[in-house]
Amino acid sequence: MSMRKLGSILLLAGATAVLATAAASAGPLSGKRIAGLPNTCSKPVGHGKYVIASDFPLQGSLRPLSVQMVEAVKLELKKMHYKIGKYSVQFVSCDDSTAAKGSWDPQTCTNNANSYKSVTNLLGVIGTYNSGCAEIIAPIINRAPGGGIPMVSPANTYVGLTKKSGVAGEPQKYFPTGKRNYARVAVPDNFQGAADALYLKHRHIKRVYVLNDAEAYGLGIANNFVRAAKKLGLTVLGNSKWDASQPNYQSLYQGIASKHPQAIFLAGIVSNNGGQLIKDKVSVLGNNTKVLLLASDGFNDSATPKDAGNSAAGMFITIGGSDPNKLSNPTGRAFVKAFRKAYHVKHLEAYTAYAGQALLVLAHAINKSDGSRLSIDKHLFKQKFPKGIIGSFKIDSSGDPSLGGVTVDVVKHGNIKAVTTVNPPLSLAKAALG
Amino acid sequence: MGTSVGTAAETSRRPSFALVPRLRSRAVAVVGILLLALVAFWLVENAVHDIRQFALVSLNGITNGSIYALVAIGYTLVYGILELINFAHGDVFSWGAMITYSVAISWLGASGHSGIALFGILAVGLVCAALFCATLNMAVERVAYRRLRNAPRLAPLITAIGMSFVLSNLIAVVYGFNYVSSEPLLPRGALFTIGGQAYGWDKLIVLLITVPTLVSLMIVVKRTRWGKAMRATAQNRDAARLMGIDVDRAIAFAFGLGGALAGIGGFVYLVYFTQGRFDLGFRIGLFAFTAAVLGGIGNILGAALGGYLIGFIENYNSGLTWHAPGPSWTESLVFILLILILVFRPHGLLGESLSTRS
Amino acid sequence: MRRPRLPALPAATRTPLARLLVAACFCALLIYPWIYSKYLTTTLTQWLPDTSTAFVILAFTVMGLGLNFVVGYAGLLDLGYVAFFAAGAYIAGFLASEQFANAGSVVFGGTVLPGTPGIHLSPWLVILIAAIFTALLGIVIGIPTLRLRGDYLAIVTLGFGEIIPQFVRNGDNLGGFNLTNGSFGMNGIDGLGFGNRVHHAIHALPANFLNELDSRWYYWTALALVVVTIVSSILLRDSRLGRAWIAIREDEDAAAAMGVPLMRTKTLSYAIGAFFGGAAGALITLQAGATSPDAFSLQVSIFVLSMVILGGIGNVWGVALGGILLAYVNYKGLFAAGNTFNSTFGTNVDIPEYSYLIYGVAIVLFMLVRPEGLIPSARRRAELHEEEEEENLVPESSTA
Amino acid sequence: MTANGGQPLLELEDVQVFYGAIHALKGVSLRVDDGQIVTLIGANGAGKSTTLRTISGLLRPRTGSMRFDGKDIVRASSQRIVRFGIAQAPEGRQLFSRMTVLENLEMGAFQRSDRREIAADLDRVYELFPRLAERQAQKAGTLSGGEQQMCAIGRALLARPRLLMLDEPSMGLSPNLVDRIFEVIADINRQGTTVLLVEQNAARALEIADRGYVLETGRVTLADSAAALRSNERVRASYLGES
């Protein structure tokens, strides 16, 4: 008993001591933190009067992807020596996820947004990754005093953020002041869904079964795909959800097998047990030449061939725009080279190049503006980037990139290799919207 | 009252039922039978609809159920002796899968072998996983629960949740947040086929490991000295002390036994599904605990039965084609079944009233 | 039949010092937004939550206090409290957004412009309706399940905590009807505020908190809800109902033998706990402007339960303190500690990556050192004291 | 000081036990000589069971000394105490209700490994209580009260104790059975086992005992030979129901 008490006291004393030294020595080093920014933000890098923030889920399974996006933004800023035109800027990386959830958290998104609103010298936000989080942040920072805070997302693909998607109030409800402040460089999901359907038609597929991971992204793209496929005359045998926490899917595929599909379309992200999903597909329905397997860009991740092993061989994976590891334009190649060198990595995650591009879009608008937020907002739209990292494109009047091209990759010898590019006609992309 | 068949002690301990008098037993029984009939009808209709499909899905149910059963027993053993929902148990199971991966696949390179060599490697993996998890579970008990034996009832529960976070995130520290995965280890060639679908060694091995494990567990618990000590401690801790049983050791034994089973479960999982991740134990653990409650907590056979039941639900729900709600409702169905069973049979399928313990 | 009177619990508020302490804490919380802005530029900032975060911390504290009715007072272990959070959140979504645009425009005190499609009730009404609905849901869930004892109840509540989010997730197609938007969740939910009519009448009251520069208004609303919850907790605890709860917690059979109606008493604790869970859920949703099924995981139930247990089961002040501390750690403390650690030791440890691990270790250590919680209720303290004295003592009623 | 001149087998000196703030034993001293039957009598809550639980190591005294066969047992764990040769049939029987009668009896011999001897002891118990032999495959929870008591005593005997402690063995039994139980206790003692008997039925206990102690609110208030206690005025008034 006395031992126990002694132990507790020692433990408490130790903890207090650590905290005390930490607090005492924290002073001089952390004085630079930017007033008003949310707790979840890092200390700033760079020097300057103005601030640019990024907003990504830095905890949980998306962390590697998010970290590279932050690094890409930093890389581009460093190249500019933290000066955008006449404005010198500092950069902070904010986190929209929580430890307890391990993924983005609506509450945290709200808090981040509210904090951004109170930072008057914040020039813009690069983010978010999750469209759901953007849906929360966009309307809040739209009401910021002095005009909506400019926001450019490298990865939001949800259609309704910028254009009508069939959900009531979209997209106006994200911009309550009526003045838009949001643009993105990622290719919206309807293009990808349309391209996926088109590609299957090219391969003479007539009967397809769709599986989605029941998350907003997967469900959205599945719906886009189903509409486009129907428009193209394909038979959609079913569109059902897979349960990411289920240990395996053999029974699911055995049910599907009785419908004799020629192709399976997976709409979702690989970290939702995608490896098992592919393994079981092959073990029940046969290899990917027998029954074609096509997956959306959530599978365009080195984890897919790693997790699914040989079962992934021959499966197709699409990605809106271009694979950062295989950019063919000179600006893009230079970016990839610089990135690999700066951070000692080989593989670039799906949206790394897009994050760099998103910063450039924001920087371009800042450059052209008079320095006020409203002016930056105005210049976000109708920009042209003939030599962008992700190719030549422009941002249209609703904030979407003109890039509708979708890359189709195939998994071969454990690597994801580009096969072809599909450019769905605008009419099909519109049909995918429903 | 005469409404419930139970010992005198039990009836006197359940005054709350007196609020809803006889009506309960009669009406509830009718509703229960109707529900059972409905489920039976659904199953029969599906079987008639496509018998081969039904058979295939049933086999999957047995395979998955085996894993749930192995994990569920660990919950039931610990609950039986400490009345503690050992939330960390699911993560001990995850460790079993990861250790199997490290030993059998990373170190011994199981995927490159076949025949006797493969068998040997797998045997080593199995033993390592079981030993590691037994030790781990005992260590958890020693570090986190033993000091709290006389603490307020909910303190160990929260500690168990904390341990669950610790164990699963230690996996993330060691193996990263992503899946570890391997090629199929066992030949998937058909032992027999149903409707063109193979039933291969990979599925058979699940049963070849689970069934002997369950049988030897029953023998250990029924016949061995420490098995008996464990049961005695679970039933009456003070009396067990008076018999000269080292109660701490008996409890540690329960944890060790449960851990070993979880390790074997983890081994089976990795060999059959060939992948794993730090959060593997969350859902499996949740379902396994539900299985333990379904079967009647504290009852080993009940836990196994509950495990198989959940395996069937999961697979019937995702694999049957005639009016199945689909995999996105699996969790709801499992928990609805749990609620129904507890309403109709408050002590689970095979459970005896807890109140017989003193 | 006369019910026996149990001796009232000695409450923390009975001594003048404790009263002073409570008053001081309340004042500090009241002026917190100013404290925060005053120290905005000092090193302290990285340890202080901003007002938005402080709002969330307080809102979760309300949930902890709500759960305390169930777990702390009545002794019913509930592992599915998140179900009530979800119910409150979605009720708020239904009654203050464009979700039911087909219903035309019903702007009844809502914080949007007249003519906006969908149902937009006054947010204060929404919180109340959400709370009442959730309380009813608590009764509906409670009636079949509260007969179960102890851990059987726990596992059933856990089941409900899983079923309800799954229902919400699959609720975009209930026989063709889209109730919940499924995985997409709901967004564009109105903010708090007094509505245009009130704003026109009393200009001091803002029509919509969203247009305010900072989140002070939200923060004070949450603080008010915390106060309401604490006051209700104390009043109910000292009432006949409260004594009945404690009697059930101590010994269900004895309580029944003394004439305490078990089902009614238990169901009431469930309903009242649900009431505050629903209110907090609605409040959080009205501030966030969005909600989605991802927000309702088992982790949230565990998080809230940890508040109750870490704080000191059954003690209002303990639970309030535990709630504030734990929510602080989750939403602010871990980051601050991580940043400080890195800048102190010049390391670059990726704290968020280990946050769950740290959280787990902290919980285990805390429970080992202080299993009775921060401020245990007097009764529990007595029980525990007893056991510390006699380490080997196994509680036994026949001898003492 | 001893009546029968045996060696002291168990000695308690000034043992104090607390339940939290409750001072349950306020300094109990007693001694049990080898071969004797010693009885503790007293009202409900006087501390009789607490004394037995303390001797068995289920409770720990705050102060005082306890010696068994010359060895200090204050700090010994309950399993070591059993190994030293103290077995208890606790109040309320405390059987393992979901185990069979045979399993219960076997649990009594938990620390022994001499199979043959155990079998012999089992036969001896069946001889003492033929009913148990009939019911050996039955779950202990389904036995009648008397049978449960037999099982509890049998279980304790299987430890082959030097000191058998019985806590209220006659409680709740029919008069016939009470007679039988006391006969058996005397029998066991004759076969060489020392007995420490806690009883409310003081009259019967003092009949078969050599020595007795009267416990009142955690204190020994009287200690004497059983015969002397039987004739003590206060004992007669308070515990033997005579006025």
# chains A, B, ... in the order shown; residues from 1 in each chain; ligands from 1
$ residues_around --residues "Gly42 (chain D)" --least-positions-apart "4" --cutoff "12 Å" --atoms "only C-alpha atoms" --output "PyMOL selection string"
chain D and resi 46-49+51+168+197-203+205+212-223+234-235+238-240
$ write_last_selection --atoms "N, CA, C and O atoms" --output "compact mmCIF listing (two decimals), in the first residue's frame"
# COMPACT_ATOMS: atom_id res chain seq x y z
N ALA D 46 -20.50 -9.82 15.93
CA ALA D 46 -19.53 -9.70 17.01
C ALA D 46 -18.11 -9.83 16.47
O ALA D 46 -17.15 -9.44 17.14
N GLY D 47 -17.97 -10.40 15.28
CA GLY D 47 -16.64 -10.52 14.69
C GLY D 47 -16.16 -11.95 14.57
O GLY D 47 -14.99 -12.21 14.33
N LYS D 48 -17.08 -12.91 14.71
CA LYS D 48 -16.68 -14.33 14.67
C LYS D 48 -16.16 -14.70 13.29
O LYS D 48 -15.05 -15.24 13.14
N SER D 49 -17.01 -14.36 12.27
CA SER D 49 -16.59 -14.72 10.91
C SER D 49 -15.35 -13.94 10.51
O SER D 49 -14.47 -14.47 9.82
N THR D 51 -12.97 -13.09 12.37
CA THR D 51 -11.81 -13.78 12.94
C THR D 51 -11.35 -14.93 12.05
O THR D 51 -10.18 -15.06 11.72
N GLU D 168 -20.46 -21.42 11.30
CA GLU D 168 -21.91 -21.62 11.37
C GLU D 168 -22.37 -22.86 10.61
O GLU D 168 -23.22 -22.78 9.73
N LEU D 197 -14.59 -23.81 15.88
CA LEU D 197 -15.99 -23.82 15.48
C LEU D 197 -16.64 -22.50 15.84
O LEU D 197 -16.59 -22.07 17.00
N VAL D 198 -17.23 -21.87 14.85
CA VAL D 198 -18.00 -20.65 15.10
C VAL D 198 -19.47 -21.04 15.07
O VAL D 198 -19.92 -21.69 14.13
N GLU D 199 -20.18 -20.71 16.10
CA GLU D 199 -21.58 -21.12 16.14
C GLU D 199 -22.46 -20.07 16.81
O GLU D 199 -22.04 -19.39 17.75
N GLN D 200 -23.67 -19.97 16.30
CA GLN D 200 -24.66 -19.19 17.02
C GLN D 200 -25.38 -20.09 18.02
O GLN D 200 -25.86 -19.63 19.04
N ASN D 201 -25.45 -21.34 17.63
CA ASN D 201 -26.08 -22.31 18.52
C ASN D 201 -25.08 -22.65 19.62
O ASN D 201 -24.43 -23.69 19.63
N ALA D 202 -24.97 -21.72 20.58
CA ALA D 202 -23.90 -21.82 21.56
C ALA D 202 -24.03 -23.06 22.44
O ALA D 202 -23.04 -23.69 22.79
N ALA D 203 -25.27 -23.42 22.72
CA ALA D 203 -25.48 -24.56 23.60
C ALA D 203 -24.86 -25.82 23.01
O ALA D 203 -24.08 -26.53 23.66
N ALA D 205 -22.67 -26.00 20.62
CA ALA D 205 -21.24 -25.86 20.40
C ALA D 205 -20.47 -26.15 21.68
O ALA D 205 -19.47 -26.87 21.68
N GLY D 212 -13.98 -22.45 24.96
CA GLY D 212 -14.84 -21.51 24.24
C GLY D 212 -14.40 -20.08 24.47
O GLY D 212 -13.77 -19.75 25.49
N TYR D 213 -14.66 -19.28 23.49
CA TYR D 213 -14.41 -17.84 23.60
C TYR D 213 -15.70 -17.10 23.30
O TYR D 213 -16.43 -17.47 22.36
N VAL D 214 -15.98 -16.09 24.08
CA VAL D 214 -17.16 -15.26 23.79
C VAL D 214 -16.68 -13.96 23.17
O VAL D 214 -15.83 -13.26 23.73
N LEU D 215 -17.21 -13.66 22.00
CA LEU D 215 -16.84 -12.44 21.31
C LEU D 215 -17.98 -11.45 21.40
O LEU D 215 -19.14 -11.80 21.16
N GLU D 216 -17.65 -10.22 21.77
CA GLU D 216 -18.67 -9.17 21.79
C GLU D 216 -18.08 -7.94 21.13
O GLU D 216 -17.02 -7.47 21.55
N THR D 217 -18.76 -7.45 20.12
CA THR D 217 -18.34 -6.28 19.33
C THR D 217 -16.82 -6.22 19.14
O THR D 217 -16.15 -5.25 19.46
N GLY D 218 -16.31 -7.30 18.61
CA GLY D 218 -14.91 -7.29 18.19
C GLY D 218 -13.91 -7.54 19.32
O GLY D 218 -12.72 -7.35 19.12
N ARG D 219 -14.40 -7.91 20.47
CA ARG D 219 -13.48 -8.19 21.58
C ARG D 219 -13.81 -9.53 22.19
O ARG D 219 -14.95 -9.95 22.24
N VAL D 220 -12.77 -10.20 22.71
CA VAL D 220 -13.02 -11.41 23.49
C VAL D 220 -13.37 -10.97 24.89
O VAL D 220 -12.60 -10.28 25.55
N THR D 221 -14.57 -11.32 25.31
CA THR D 221 -14.97 -10.89 26.66
C THR D 221 -14.89 -12.02 27.67
O THR D 221 -14.83 -11.77 28.86
N LEU D 222 -14.89 -13.22 27.18
CA LEU D 222 -14.78 -14.35 28.09
C LEU D 222 -13.99 -15.45 27.40
O LEU D 222 -14.17 -15.69 26.21
N ALA D 223 -13.12 -16.12 28.16
CA ALA D 223 -12.40 -17.24 27.59
C ALA D 223 -12.25 -18.26 28.71
O ALA D 223 -11.77 -17.95 29.80
N ARG D 234 -23.50 -15.19 32.79
CA ARG D 234 -23.71 -14.28 31.67
C ARG D 234 -23.90 -15.04 30.37
O ARG D 234 -24.74 -14.69 29.55
N VAL D 235 -23.09 -16.06 30.22
CA VAL D 235 -23.24 -16.87 29.01
C VAL D 235 -24.62 -17.50 28.99
O VAL D 235 -25.30 -17.51 27.96
N SER D 238 -27.15 -14.74 28.07
CA SER D 238 -27.09 -14.10 26.75
C SER D 238 -27.08 -15.11 25.60
O SER D 238 -27.59 -14.83 24.53
N TYR D 239 -26.44 -16.25 25.79
CA TYR D 239 -26.22 -17.12 24.63
C TYR D 239 -26.91 -18.47 24.73
O TYR D 239 -27.07 -19.16 23.74
N LEU D 240 -27.27 -18.85 25.91
CA LEU D 240 -27.89 -20.17 26.00
C LEU D 240 -29.40 -20.06 26.19
O LEU D 240 -30.09 -21.04 26.36
$ interface_residues --of "chain C" --to "chain B" --cutoff "7 Å" --atoms "only C-alpha atoms" --output "MDAnalysis selection string"
chainID C and resid 144 147:148 156 159 162:163 166 253 256 262:263 306 356:357 360:361 363:364 367:368 371:372 384 387
$ atom_distance --atom1 "CA of Asp105 (chain A)" --atom2 "CA of Ala279 (chain C)"
19.7 Å
$ residues_around --residues "Ser271 (chain A)" --least-positions-apart "5" --cutoff "9 Å" --atoms "only C-alpha atoms" --output "count of residues only"
9
$ closest_atom_pairs --of "chain D" --to "chain B" --cutoff "10 Å" --atoms "only C-alpha atoms" --output "Markdown table"
| residue | atom | partner | partner_atom | distance |
| --- | --- | --- | --- | --- |
| D:Arg53 | CA | B:Leu242 | CA | 9.1 |
| D:Ser56 | CA | B:Leu242 | CA | 6.9 |
| D:Gly57 | CA | B:Leu242 | CA | 8.5 |
| D:Leu58 | CA | B:Asp238 | CA | 7.4 |
| D:Ser77 | CA | B:Asp246 | CA | 8.5 |
| D:Ser78 | CA | B:Arg241 | CA | 6.0 |
| D:Gln79 | CA | B:Gly244 | CA | 3.8 |
| D:Arg80 | CA | B:Gly244 | CA | 7.0 |
| D:Ile81 | CA | B:Gly244 | CA | 7.5 |
| D:Val82 | CA | B:Gly244 | CA | 5.1 |
| D:Arg83 | CA | B:Gly244 | CA | 7.0 |
| D:Ile86 | CA | B:Leu242 | CA | 8.9 |
| D:Ala87 | CA | B:Leu242 | CA | 6.7 |
| D:Gln88 | CA | B:Leu242 | CA | 6.5 |
| D:Ala89 | CA | B:Leu242 | CA | 8.3 |
| D:Pro90 | CA | B:Ala239 | CA | 7.7 |
| D:Gly92 | CA | B:Ser358 | CA | 9.6 |
| D:Arg93 | CA | B:Ala239 | CA | 8.7 |
| D:Gln94 | CA | B:Ala239 | CA | 5.9 |
| D:Leu95 | CA | B:Ala239 | CA | 7.1 |
| D:Phe96 | CA | B:Gln235 | CA | 5.7 |
| D:Ser97 | CA | B:Thr356 | CA | 7.0 |
| D:Arg98 | CA | B:Gln235 | CA | 7.3 |
| D:Met99 | CA | B:Ala232 | CA | 8.0 |
| D:Glu103 | CA | B:Lys228 | CA | 8.4 |
| D:Asn104 | CA | B:Ala232 | CA | 8.6 |
| D:Leu105 | CA | B:Met243 | CA | 10.0 |
| D:Glu106 | CA | B:Lys228 | CA | 9.4 |
| D:Met107 | CA | B:Met243 | CA | 6.5 |
| D:Gly108 | CA | B:Met243 | CA | 5.3 |
| D:Ala109 | CA | B:Met243 | CA | 7.4 |
| D:Phe110 | CA | B:Met243 | CA | 6.4 |
| D:Gln111 | CA | B:Gly244 | CA | 6.5 |
| D:Arg112 | CA | B:Gly244 | CA | 9.9 |
| D:Gly141 | CA | B:Thr356 | CA | 7.5 |
| D:Thr142 | CA | B:Thr7 | CA | 8.5 |
| D:Ala152 | CA | B:Ala239 | CA | 9.8 |
| D:Arg155 | CA | B:Met243 | CA | 8.4 |
| D:Ala156 | CA | B:Met243 | CA | 7.6 |
| D:Leu158 | CA | B:Met243 | CA | 9.5 |
| D:Ala159 | CA | B:Met243 | CA | 7.6 |
$ interface_residues --of "chain A" --to "chain B" --cutoff "9 Å" --atoms "only C-alpha atoms" --output "PyMOL selection string"
chain A and resi 60-61+214+240-243+245-256+258+271+273+275-276+279-280+283-285+303+306-311
$ decode --residues "region 33-76 of chain C" --atoms "C-alpha atoms" --output "PDB file, in the first residue's frame"
ATOM      1  CA  PRO C  33     -12.790  34.835 -24.440  1.00  0.00           C
ATOM      2  CA  TRP C  34     -11.169  38.015 -23.120  1.00  0.00           C
ATOM      3  CA  ILE C  35      -8.471  36.084 -21.313  1.00  0.00           C
ATOM      4  CA  TYR C  36      -7.715  34.274 -24.518  1.00  0.00           C
ATOM      5  CA  SER C  37      -7.511  37.427 -26.616  1.00  0.00           C
ATOM      6  CA  LYS C  38      -5.374  39.128 -23.972  1.00  0.00           C
ATOM      7  CA  TYR C  39      -2.780  36.381 -24.059  1.00  0.00           C
ATOM      8  CA  LEU C  40      -3.138  35.848 -27.751  1.00  0.00           C
ATOM      9  CA  THR C  41       0.397  36.854 -28.543  1.00  0.00           C
ATOM     10  CA  THR C  42       2.205  35.275 -25.619  1.00  0.00           C
ATOM     11  CA  THR C  43       3.620  31.813 -25.290  1.00  0.00           C
ATOM     12  CA  LEU C  44       0.576  30.835 -23.289  1.00  0.00           C
ATOM     13  CA  THR C  45      -1.538  30.851 -26.423  1.00  0.00           C
ATOM     14  CA  GLN C  46      -0.337  27.527 -27.552  1.00  0.00           C
ATOM     15  CA  TRP C  47      -1.753  26.018 -24.408  1.00  0.00           C
ATOM     16  CA  LEU C  48      -5.013  27.967 -24.454  1.00  0.00           C
ATOM     17  CA  PRO C  49      -7.840  26.785 -26.684  1.00  0.00           C
ATOM     18  CA  ASP C  50      -9.401  29.441 -28.874  1.00  0.00           C
ATOM     19  CA  THR C  51     -13.054  30.221 -28.299  1.00  0.00           C
ATOM     20  CA  SER C  52     -14.243  27.833 -31.007  1.00  0.00           C
ATOM     21  CA  THR C  53     -12.330  25.007 -29.446  1.00  0.00           C
ATOM     22  CA  ALA C  54     -13.469  26.100 -26.011  1.00  0.00           C
ATOM     23  CA  PHE C  55     -17.028  25.884 -27.330  1.00  0.00           C
ATOM     24  CA  VAL C  56     -16.505  22.284 -28.387  1.00  0.00           C
ATOM     25  CA  ILE C  57     -14.882  21.455 -25.080  1.00  0.00           C
ATOM     26  CA  LEU C  58     -17.897  22.825 -23.206  1.00  0.00           C
ATOM     27  CA  ALA C  59     -20.390  21.141 -25.515  1.00  0.00           C
ATOM     28  CA  PHE C  60     -18.752  17.770 -24.928  1.00  0.00           C
ATOM     29  CA  THR C  61     -18.741  18.508 -21.227  1.00  0.00           C
ATOM     30  CA  VAL C  62     -22.530  18.802 -21.443  1.00  0.00           C
ATOM     31  CA  MET C  63     -22.557  15.307 -22.901  1.00  0.00           C
ATOM     32  CA  GLY C  64     -20.361  14.062 -20.081  1.00  0.00           C
ATOM     33  CA  LEU C  65     -22.733  15.594 -17.551  1.00  0.00           C
ATOM     34  CA  GLY C  66     -25.678  14.060 -19.384  1.00  0.00           C
ATOM     35  CA  LEU C  67     -24.110  10.636 -19.317  1.00  0.00           C
ATOM     36  CA  ASN C  68     -23.457  11.142 -15.625  1.00  0.00           C
ATOM     37  CA  PHE C  69     -27.211  10.855 -15.005  1.00  0.00           C
ATOM     38  CA  VAL C  70     -27.127   7.370 -16.467  1.00  0.00           C
ATOM     39  CA  VAL C  71     -23.742   6.050 -15.402  1.00  0.00           C
ATOM     40  CA  GLY C  72     -23.026   8.159 -12.384  1.00  0.00           C
ATOM     41  CA  TYR C  73     -26.374   8.462 -10.681  1.00  0.00           C
ATOM     42  CA  ALA C  74     -28.301   5.394 -11.714  1.00  0.00           C
ATOM     43  CA  GLY C  75     -25.217   3.213 -12.163  1.00  0.00           C
ATOM     44  CA  LEU C  76     -26.270   1.991 -15.614  1.00  0.00           C
TER      45      LEU C  76
END
